[in-house]
Each structure stands twice: as structure tokens, then as C-alpha cells.
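Heads up, input02.cif below (mmCIF, C-alpha atoms):
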data_entry
#
loop_
_atom_site.group_PDB
_atom_site.id
_atom_site.type_symbol
_atom_site.label_atom_id
_atom_site.label_comp_id
_atom_site.auth_asym_id
_atom_site.auth_seq_id
_atom_site.Cartn_x
_atom_site.Cartn_y
_atom_site.Cartn_z
ATOM 1 C CA MET A 1362 0.000 0.000 0.000
ATOM 2 C CA PRO A 1363 1.295 3.524 -0.697
ATOM 3 C CA PRO A 1364 2.327 5.786 2.198
ATOM 4 C CA THR A 1365 -0.583 7.262 4.159
ATOM 5 C CA GLN A 1366 0.318 10.761 3.024
ATOM 6 C CA PRO A 1367 2.679 12.117 0.346
ATOM 7 C CA GLY A 1368 6.187 12.433 1.707
ATOM 8 C CA GLU A 1369 5.561 10.101 4.642
ATOM 9 C CA ALA A 1370 7.997 7.409 3.505
ATOM 10 C CA ARG A 1371 10.742 10.011 3.267
ATOM 11 C CA SER A 1372 10.010 11.491 6.676
ATOM 12 C CA SER A 1373 10.193 8.053 8.318
ATOM 13 C CA LEU A 1374 13.828 7.792 7.149
ATOM 14 C CA LEU A 1375 14.798 11.260 8.324
ATOM 15 C CA SER A 1376 17.644 10.920 10.805
ATOM 16 C CA ARG A 1377 19.599 14.142 10.465
ATOM 17 C CA GLY A 1378 18.994 17.837 10.348
ATOM 18 C CA PRO A 1379 17.310 20.353 12.636
ATOM 19 C CA CYS A 1380 14.657 19.479 15.153
ATOM 20 C CA HIS A 1381 11.618 21.533 16.117
ATOM 21 C CA VAL A 1382 9.692 22.134 19.291
ATOM 22 C CA TYR A 1383 6.066 22.496 18.268
ATOM 23 C CA VAL A 1384 3.042 24.104 19.916
ATOM 24 C CA LEU A 1385 -0.225 23.171 18.200
ATOM 25 C CA PRO A 1386 -3.410 24.813 19.501
ATOM 26 C CA CYS A 1387 -6.718 23.212 18.614
ATOM 27 C CA ALA A 1388 -8.938 25.293 16.376
ATOM 28 C CA TYR A 1389 -12.123 25.313 18.448
ATOM 29 C CA GLU A 1390 -11.089 24.281 21.959
ATOM 30 C CA ASP A 1391 -8.646 25.639 24.506
ATOM 31 C CA PHE A 1392 -6.268 22.698 24.129
ATOM 32 C CA LEU A 1393 -2.802 22.532 22.652
ATOM 33 C CA LYS A 1394 -0.252 19.843 21.917
ATOM 34 C CA LEU A 1395 3.364 20.368 22.936
ATOM 35 C CA GLY A 1396 6.172 18.211 21.623
ATOM 36 C CA PHE A 1397 9.255 18.012 19.450
ATOM 37 C CA SER A 1398 9.885 16.407 16.091
ATOM 38 C CA ARG A 1399 12.412 16.305 13.293
ATOM 39 C CA ASP A 1400 9.476 16.550 10.888
ATOM 40 C CA PRO A 1401 6.553 18.571 12.290
ATOM 41 C CA LEU A 1402 4.469 18.081 9.133
ATOM 42 C CA ALA A 1403 4.626 14.303 9.512
ATOM 43 C CA ARG A 1404 3.740 14.745 13.184
ATOM 44 C CA LEU A 1405 0.727 16.878 12.324
ATOM 45 C CA ARG A 1406 -0.481 14.243 9.886
ATOM 46 C CA SER A 1407 -0.021 11.492 12.448
ATOM 47 C CA LEU A 1408 -2.094 13.319 15.055
ATOM 48 C CA HIS A 1409 -5.147 14.007 12.902
ATOM 49 C CA PRO A 1410 -6.001 13.281 9.255
ATOM 50 C CA ARG A 1411 -7.433 16.783 8.868
ATOM 51 C CA TYR A 1412 -4.734 18.532 10.868
ATOM 52 C CA PHE A 1413 -5.192 21.698 8.785
ATOM 53 C CA GLU A 1414 -8.673 22.098 10.297
ATOM 54 C CA PHE A 1415 -8.214 20.409 13.671
ATOM 55 C CA PHE A 1416 -5.303 22.660 14.635
ATOM 56 C CA ASP A 1417 -5.200 26.447 14.356
ATOM 57 C CA LEU A 1418 -2.026 26.773 12.319
ATOM 58 C CA ASP A 1419 -2.253 30.569 12.416
ATOM 59 C CA ARG A 1420 -1.705 30.364 16.187
ATOM 60 C CA ALA A 1421 0.663 27.393 16.152
ATOM 61 C CA PHE A 1422 4.418 27.970 16.264
ATOM 62 C CA LEU A 1423 7.688 26.087 15.864
ATOM 63 C CA VAL A 1424 11.070 26.694 17.481
ATOM 64 C CA GLU A 1425 14.008 25.343 15.496
ATOM 65 C CA THR A 1426 16.920 23.715 17.280
ATOM 66 C CA GLU A 1427 20.193 22.315 16.000
ATOM 67 C CA THR A 1428 19.810 18.964 17.757
ATOM 68 C CA VAL A 1429 17.149 16.697 19.207
ATOM 69 C CA ARG A 1430 18.798 17.135 22.581
ATOM 70 C CA ASP A 1431 18.220 20.887 22.461
ATOM 71 C CA ALA A 1432 14.584 20.397 21.465
ATOM 72 C CA ARG A 1433 14.045 17.860 24.232
ATOM 73 C CA ARG A 1434 15.573 20.240 26.769
ATOM 74 C CA ILE A 1435 13.245 23.088 25.756
ATOM 75 C CA GLU A 1436 10.183 20.846 25.711
ATOM 76 C CA LEU A 1437 10.993 19.425 29.140
ATOM 77 C CA ALA A 1438 11.410 22.913 30.620
ATOM 78 C CA TRP A 1439 8.081 23.980 29.155
ATOM 79 C CA ARG A 1440 6.354 20.833 30.428
ATOM 80 C CA ARG A 1441 7.570 21.556 33.939
ATOM 81 C CA GLU A 1442 6.219 25.090 33.677
ATOM 82 C CA LEU A 1443 2.827 23.779 32.567
ATOM 83 C CA ARG A 1444 2.242 21.027 35.121
ATOM 84 C CA LEU A 1445 -0.944 22.664 36.418
ATOM 85 C CA HIS A 1446 -2.288 23.007 32.866
ATOM 86 C CA ASN A 1447 -2.017 19.331 31.928
ATOM 87 C CA ALA A 1448 -5.210 17.991 30.348
ATOM 88 C CA PRO A 1449 -6.528 14.878 28.593
ATOM 89 C CA ALA A 1450 -6.257 14.784 24.826
ATOM 90 C CA PRO A 1451 -9.308 16.045 22.925
ATOM 91 C CA LEU A 1452 -11.500 13.605 21.071
ATOM 92 C CA GLY A 1453 -10.423 12.812 17.545
ATOM 93 C CA VAL A 1454 -6.692 12.478 18.136
ATOM 94 C CA ARG A 1455 -5.317 9.227 16.742
ATOM 95 C CA ASP A 1456 -4.490 6.696 19.463
ATOM 96 C CA GLU A 1457 -1.805 5.080 17.332
ATOM 97 C CA ALA A 1458 0.039 8.402 17.072
ATOM 98 C CA ALA A 1459 0.715 8.390 20.823
ATOM 99 C CA GLY A 1460 -1.064 11.688 20.885
ATOM 100 C CA HIS A 1461 -2.508 11.380 24.365
ATOM 101 C CA THR A 1462 0.359 12.979 26.265
ATOM 102 C CA GLU A 1463 1.603 16.553 26.538
ATOM 103 C CA TRP A 1464 -1.798 18.144 26.033
ATOM 104 C CA TYR A 1465 -2.520 21.344 27.938
ATOM 105 C CA ARG A 1466 -5.399 23.708 28.529
ATOM 106 C CA GLY A 1467 -5.051 27.479 28.978
ATOM 107 C CA ALA A 1468 -1.329 27.429 28.185
ATOM 108 C CA HIS A 1469 -0.990 29.231 24.841
ATOM 109 C CA ALA A 1470 -0.151 32.664 26.294
ATOM 110 C CA ILE A 1471 2.444 31.159 28.658
ATOM 111 C CA LEU A 1472 4.185 29.295 25.862
ATOM 112 C CA GLY A 1473 3.969 32.349 23.622
ATOM 113 C CA ARG A 1474 6.004 34.326 26.127
ATOM 114 C CA SER A 1475 8.554 31.519 26.398
ATOM 115 C CA MET A 1476 8.775 31.288 22.605
ATOM 116 C CA ARG A 1477 9.401 35.026 22.245
ATOM 117 C CA ALA A 1478 12.168 34.830 24.844
ATOM 118 C CA LEU A 1479 13.865 32.112 22.801
ATOM 119 C CA ARG A 1480 13.491 34.173 19.637
ATOM 120 C CA GLU A 1481 15.133 37.145 21.340
ATOM 121 C CA ALA A 1482 17.935 34.800 22.443
ATOM 122 C CA GLY A 1483 18.622 33.895 18.813
ATOM 123 C CA HIS A 1484 16.495 30.846 18.066
ATOM 124 C CA ARG A 1485 14.786 30.690 14.700
ATOM 125 C CA VAL A 1486 11.029 30.698 15.262
ATOM 126 C CA HIS A 1487 8.168 30.072 12.833
ATOM 127 C CA ASP A 1488 5.293 32.089 14.269
ATOM 128 C CA PRO A 1489 2.752 31.416 12.995
ATOM 129 C CA ALA A 1490 3.464 27.919 11.708
ATOM 130 C CA ALA A 1491 1.063 28.138 8.744
ATOM 131 C CA PRO A 1492 3.601 29.561 6.240
ATOM 132 C CA TRP A 1493 6.109 26.869 7.231
ATOM 133 C CA VAL A 1494 3.503 24.156 6.657
ATOM 134 C CA ARG A 1495 2.548 25.740 3.337
ATOM 135 C CA ASP A 1496 6.181 25.779 2.214
ATOM 136 C CA ARG A 1497 6.635 22.125 3.210
ATOM 137 C CA LEU A 1498 3.545 21.097 1.257
ATOM 138 C CA ALA A 1499 4.785 22.963 -1.794
ATOM 139 C CA ALA A 1500 8.239 21.389 -1.447
ATOM 140 C CA GLU A 1501 6.845 17.848 -1.622
ATOM 141 C CA SER A 1502 4.513 18.559 -4.549
ATOM 142 C CA ASP A 1503 6.855 16.682 -6.912
ATOM 143 C CA ARG A 1504 5.991 13.457 -5.044
ATOM 144 C CA VAL A 1505 2.231 13.975 -5.097
ATOM 145 C CA TYR A 1506 1.757 12.803 -8.690
ATOM 146 C CA ALA A 1507 2.824 9.174 -8.196
ATOM 147 C CA TRP A 1508 1.340 8.974 -4.709
ATOM 148 C CA SER A 1509 -2.091 10.286 -5.733
ATOM 149 C CA GLU A 1510 -2.156 8.014 -8.781
ATOM 150 C CA ALA A 1511 -1.435 4.963 -6.621
ATOM 151 C CA MET A 1512 -4.119 5.957 -4.118
ATOM 152 C CA PHE A 1513 -6.626 6.589 -6.899
ATOM 153 C CA ASP A 1514 -5.907 3.243 -8.567
ATOM 154 C CA GLY A 1515 -6.298 1.492 -5.220
ATOM 155 C CA MET A 1516 -9.684 2.997 -4.512
ATOM 156 C CA GLN A 1517 -10.840 2.109 -8.047
ATOM 157 C CA ASP A 1518 -9.869 -1.563 -7.651
ATOM 158 C CA LEU A 1519 -13.207 -3.364 -7.503
ATOM 159 C CA ALA A 1520 -11.495 -6.540 -6.292
ATOM 160 C CA ALA A 1521 -10.224 -4.805 -3.149
ATOM 161 C CA ASP A 1522 -11.949 -4.816 0.229
ATOM 162 C CA PRO A 1523 -14.624 -2.068 0.199
ATOM 163 C CA ALA A 1524 -13.395 -0.821 3.576
ATOM 164 C CA VAL A 1525 -9.877 -0.434 2.189
ATOM 165 C CA ARG A 1526 -11.173 1.373 -0.889
ATOM 166 C CA SER A 1527 -13.177 3.728 1.314
ATOM 167 C CA ARG A 1528 -10.140 4.433 3.482
ATOM 168 C CA LEU A 1529 -7.974 5.172 0.445
ATOM 169 C CA ARG A 1530 -10.637 7.521 -0.904
ATOM 170 C CA GLN A 1531 -10.843 9.466 2.343
ATOM 171 C CA THR A 1532 -7.062 9.640 2.675
ATOM 172 C CA LEU A 1533 -6.752 11.042 -0.834
ATOM 173 C CA LEU A 1534 -9.499 13.589 -0.193
ATOM 174 C CA ASP A 1535 -7.871 14.676 3.073
ATOM 175 C CA ALA A 1536 -4.454 15.066 1.441
ATOM 176 C CA LEU A 1537 -5.729 17.113 -1.493
ATOM 177 C CA ASP A 1538 -7.940 19.159 0.823
ATOM 178 C CA ALA A 1539 -4.831 20.088 2.798
ATOM 179 C CA TYR A 1540 -3.176 21.546 -0.278
ATOM 180 C CA ARG A 1541 -6.284 23.470 -1.267
ATOM 181 C CA VAL A 1542 -7.052 24.800 2.235
ATOM 182 C CA MET A 1543 -3.431 25.823 2.763
ATOM 183 C CA GLY A 1544 -3.375 27.674 -0.556
ATOM 184 C CA VAL A 1545 -1.006 25.355 -2.435
ATOM 185 C CA GLY A 1546 -2.189 24.742 -5.996
ATOM 186 C CA VAL A 1547 -1.903 20.987 -6.353
ATOM 187 C CA ASP A 1548 -3.802 20.523 -9.637
ATOM 188 C CA PRO A 1549 -0.667 20.820 -11.832
ATOM 189 C CA PHE A 1550 0.984 18.040 -9.804
ATOM 190 C CA VAL A 1551 -1.664 15.300 -9.963
ATOM 191 C CA PRO A 1552 -2.856 13.234 -12.936
ATOM 192 C CA ALA A 1553 -5.709 14.835 -14.871
ATOM 193 C CA ARG A 1554 -8.102 12.036 -13.956
ATOM 194 C CA VAL A 1555 -7.315 12.443 -10.255
ATOM 195 C CA TRP A 1556 -7.858 16.187 -10.417
ATOM 196 C CA GLU A 1557 -11.150 15.755 -12.295
ATOM 197 C CA TRP A 1558 -12.361 13.252 -9.696
ATOM 198 C CA TYR A 1559 -11.348 15.541 -6.843
ATOM 199 C CA ARG A 1560 -12.910 18.587 -8.479
ATOM 200 C CA GLN A 1561 -16.215 16.752 -8.845
ATOM 201 C CA ALA A 1562 -16.053 15.247 -5.356
ATOM 202 C CA ARG A 1563 -15.636 18.681 -3.810
ATOM 203 C CA GLY A 1564 -17.951 20.555 -6.205
ATOM 204 C CA LEU A 1565 -15.204 22.857 -7.437
ATOM 205 C CA GLU A 1566 -15.682 25.006 -10.507
#

Encoding of this model in C-alpha cells:
Amino acid sequence: MPPTQPGEARSSLLSRGPCHVYVLPCAYEDFLKLGFSRDPLARLRSLHPRYFEFFDLDRAFLVETETVRDARRIELAWRRELRLHNAPAPLGVRDEAAGHTEWYRGAHAILGRSMRALREAGHRVHDPAAPWVRDRLAAESDRVYAWSEAMFDGMQDLAADPAVRSRLRQTLLDALDAYRVMGVGVDPFVPARVWEWYRQARGLE
């Protein structure tokens, strides 16, 4: 089966490069997810299939670090500061993503102050995170063609399990929705038949 999302196979092999501490506020509830990752986009996708709606990426932010150790140190310090704000994960977060730890309520302003202090100390900060996510989506657009074609062929396979076909369909819709919602024109990077199907499925002109 193809990767769950475009670029996911590559991110699973990522072992070098900068790390990021991420703060991801939910869009409609006073919850946020704190953590660190070498690939925040892959982490977003693992937490929720419609991460671009579930999280408020215009309020989310990332702090770049040179090493995982540095990111872990920052995250641990922030977790200690937020002990009284710890909360259960909101509904909808994927269990298999281990997304039920480091959730906090009423902590965005506190972490915002800590983030700005790090920025003043010289750390590179992406605040808000939305442009960073948009740039990452655009950067992987060259891999979307083959991935979307494989997903489309899988969901069209009448010999396949209907549940699998339905899951492939929803995954493809979610992935292409992410590009559209985030303002990345994906139509030049997918096969014409995939784009026509998506356009009809979403009632686009």
C-alpha cells in the first residue's frame, strides 16, 4: 500500500537535520499539543487526518533547534512550567500516534512568552506555523503525482476490500484538501483524472 500521506515514507527515514519544538493549539477548543519532532508536518499528519482544520495553524508555532537534545531540553522545561495546565487529549486524536500525552489547557499565552524569549535569544522561530507548513507542502509537490495516482488506482480496484477502498478515498481527499485549504495549488501536480475526480467530489468550478 502507498504511504498514508505524500512524503511520509521520506520522513520516516529522516535521521539528520534540525529538530523543532512544536506548539499546536486546537482550532475550536482551549487545548494545545506540545512536543518536538524532526518533521513537524509528519507529526501533524499522524495526530489528525485533517490537521489543517483540527489545529489552528495561524496560532501554532515552531522553534528550530540544532539537535534533538536541544529540542528535548526546551520541551521538558516547558512541560515543567505547565504542570498545572495538563489535560486529557481532545477527542479525535489518533491513538496510534501516541497523541494522548503533553496536552494542555489554557497554556498558549504562557508558551507564547517563552517562545518570544527564545526568539530574542537567537532561536529561529516560525510564528505562525502556517507559512512553514505551506512551504513544506509545496516542497513535496513533486511526489504527489505518483502517490495520488497509486491511491486513486487502489480505490478504483473493484477486487479490493470495500473498507480499504473507502479508506484510500478518504485519505486522498484529506491530502488534497490540505493543499487546497493551505493555498497550495496541487492541480498541476496530480494526474488529470485524479484532479477531475477531486474537483467533482468537492464541487469545485

Show me a table, sorted first by chain and then by increasing residue number, of the residues of range 1475-1566 of chain A having an atom at most 9 Å from range 1426-1445 of chain A, each with its shortest atom pair and the distance in Å to one decimal, counting all atoms listed in the file and written as CSV.
residue,atom,partner,partner_atom,distance
A:Ser1475,CA,A:Trp1439,CA,8.0
A:His1484,CA,A:Thr1426,CA,7.2
A:Arg1485,CA,A:Thr1426,CA,7.7

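Each of A:Leu1534, A:Met1543, A:Val1555, A:Leu1423 was checked against Arg1477 in chain A using all atoms listed in the file; the smallest atom-to-atom distance is that of A:Leu1423.
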
Mind telling me what the PyMOL selection byres ((chain A and resi 1512) around 8) catches here, as an mmCIF file with C-alpha atoms, in the frame of the given file?
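Saved to result13.cif:
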data_model
loop_
_atom_site.group_PDB
_atom_site.id
_atom_site.type_symbol
_atom_site.label_atom_id
_atom_site.label_comp_id
_atom_site.auth_asym_id
_atom_site.auth_seq_id
_atom_site.Cartn_x
_atom_site.Cartn_y
_atom_site.Cartn_z
ATOM 1 C CA PRO A 1363 1.295 3.524 -0.697
ATOM 2 C CA TRP A 1508 1.340 8.974 -4.709
ATOM 3 C CA SER A 1509 -2.091 10.286 -5.733
ATOM 4 C CA GLU A 1510 -2.156 8.014 -8.781
ATOM 5 C CA ALA A 1511 -1.435 4.963 -6.621
ATOM 6 C CA PHE A 1513 -6.626 6.589 -6.899
ATOM 7 C CA ASP A 1514 -5.907 3.243 -8.567
ATOM 8 C CA GLY A 1515 -6.298 1.492 -5.220
ATOM 9 C CA MET A 1516 -9.684 2.997 -4.512
ATOM 10 C CA LEU A 1529 -7.974 5.172 0.445
ATOM 11 C CA ARG A 1530 -10.637 7.521 -0.904
ATOM 12 C CA LEU A 1533 -6.752 11.042 -0.834
#

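Put simply, CA of Gly1544 in chain A is 13.3 Å away from CA of Asp1419 in chain A.
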
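For range 1546-1552 of chain A, the residues within 7 Å (counting all atoms listed in the file, excluding itself and residues fewer than 5 positions away along the chain) are Ser1502, Asp1503, Val1505, Tyr1506, Ser1509, Glu1510, Tyr1540 and Arg1541 of chain A.
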
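Residues within 7 Å of Leu1393 in chain A, counting only C-alpha atoms and excluding same-chain residues fewer than 6 positions away, are Val1384, Leu1385, Pro1386, Cys1387, Trp1464, Tyr1465 and Arg1466 of chain A.
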
Would you kindly return, as a VMD selection string, each protein, DNA or RNA residue with an atom no farther than 6 Å from any atom of Phe1397 in chain A, considering all atoms listed in the file and excluding same-chain residues fewer than 2 positions away?
-> chain A and resid 1381 to 1383

Using the selection just defined, write its residues with C-alpha atoms as a short mmCIF file (atom, residue, chain, number, x, y, z; two decimals), keeping the file's coordinate frame.
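Result saved to part04.cif:
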data_model
loop_
_atom_site.label_atom_id
_atom_site.label_comp_id
_atom_site.auth_asym_id
_atom_site.auth_seq_id
_atom_site.Cartn_x
_atom_site.Cartn_y
_atom_site.Cartn_z
CA HIS A 1381 11.62 21.53 16.12
CA VAL A 1382 9.69 22.13 19.29
CA TYR A 1383 6.07 22.50 18.27
#

Which of these, A:Arg1554, A:Lys1394, A:Ala1482, A:Arg1560, has the shortest distance to Pro1449 in chain A once you count all atoms listed in the file?
-> A:Lys1394

Residue among A:Ala1470, A:Phe1392, A:Ala1539, A:Thr1532 lying closest to Ala1499 in chain A, counting all atoms listed in the file | A:Ala1539

Just how far from CA of Thr1365 in chain A is CA of Ala1388 in chain A, in Å to one decimal?
-> 23.3 Å

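With all atoms listed in the file as the atoms that count, the minimum distance from Gly1453 in chain A to the choices A:Trp1493, A:Trp1558, A:Phe1416, A:Phe1422 is reached by A:Phe1416.
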
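Atom to atom, CA of Val1545 in chain A and CA of Arg1495 in chain A stand 6.8 Å apart.
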
Cys1380 in chain A proximity check over A:Ala1521, A:Val1424, A:Ala1500, A:Leu1418, using all atoms listed in the file: winner is A:Val1424

Residue with smallest distance to Leu1537 in chain A - pool A:Arg1411, A:Pro1492, A:Asp1518, A:Pro1523, counting all atoms listed in the file = A:Arg1411
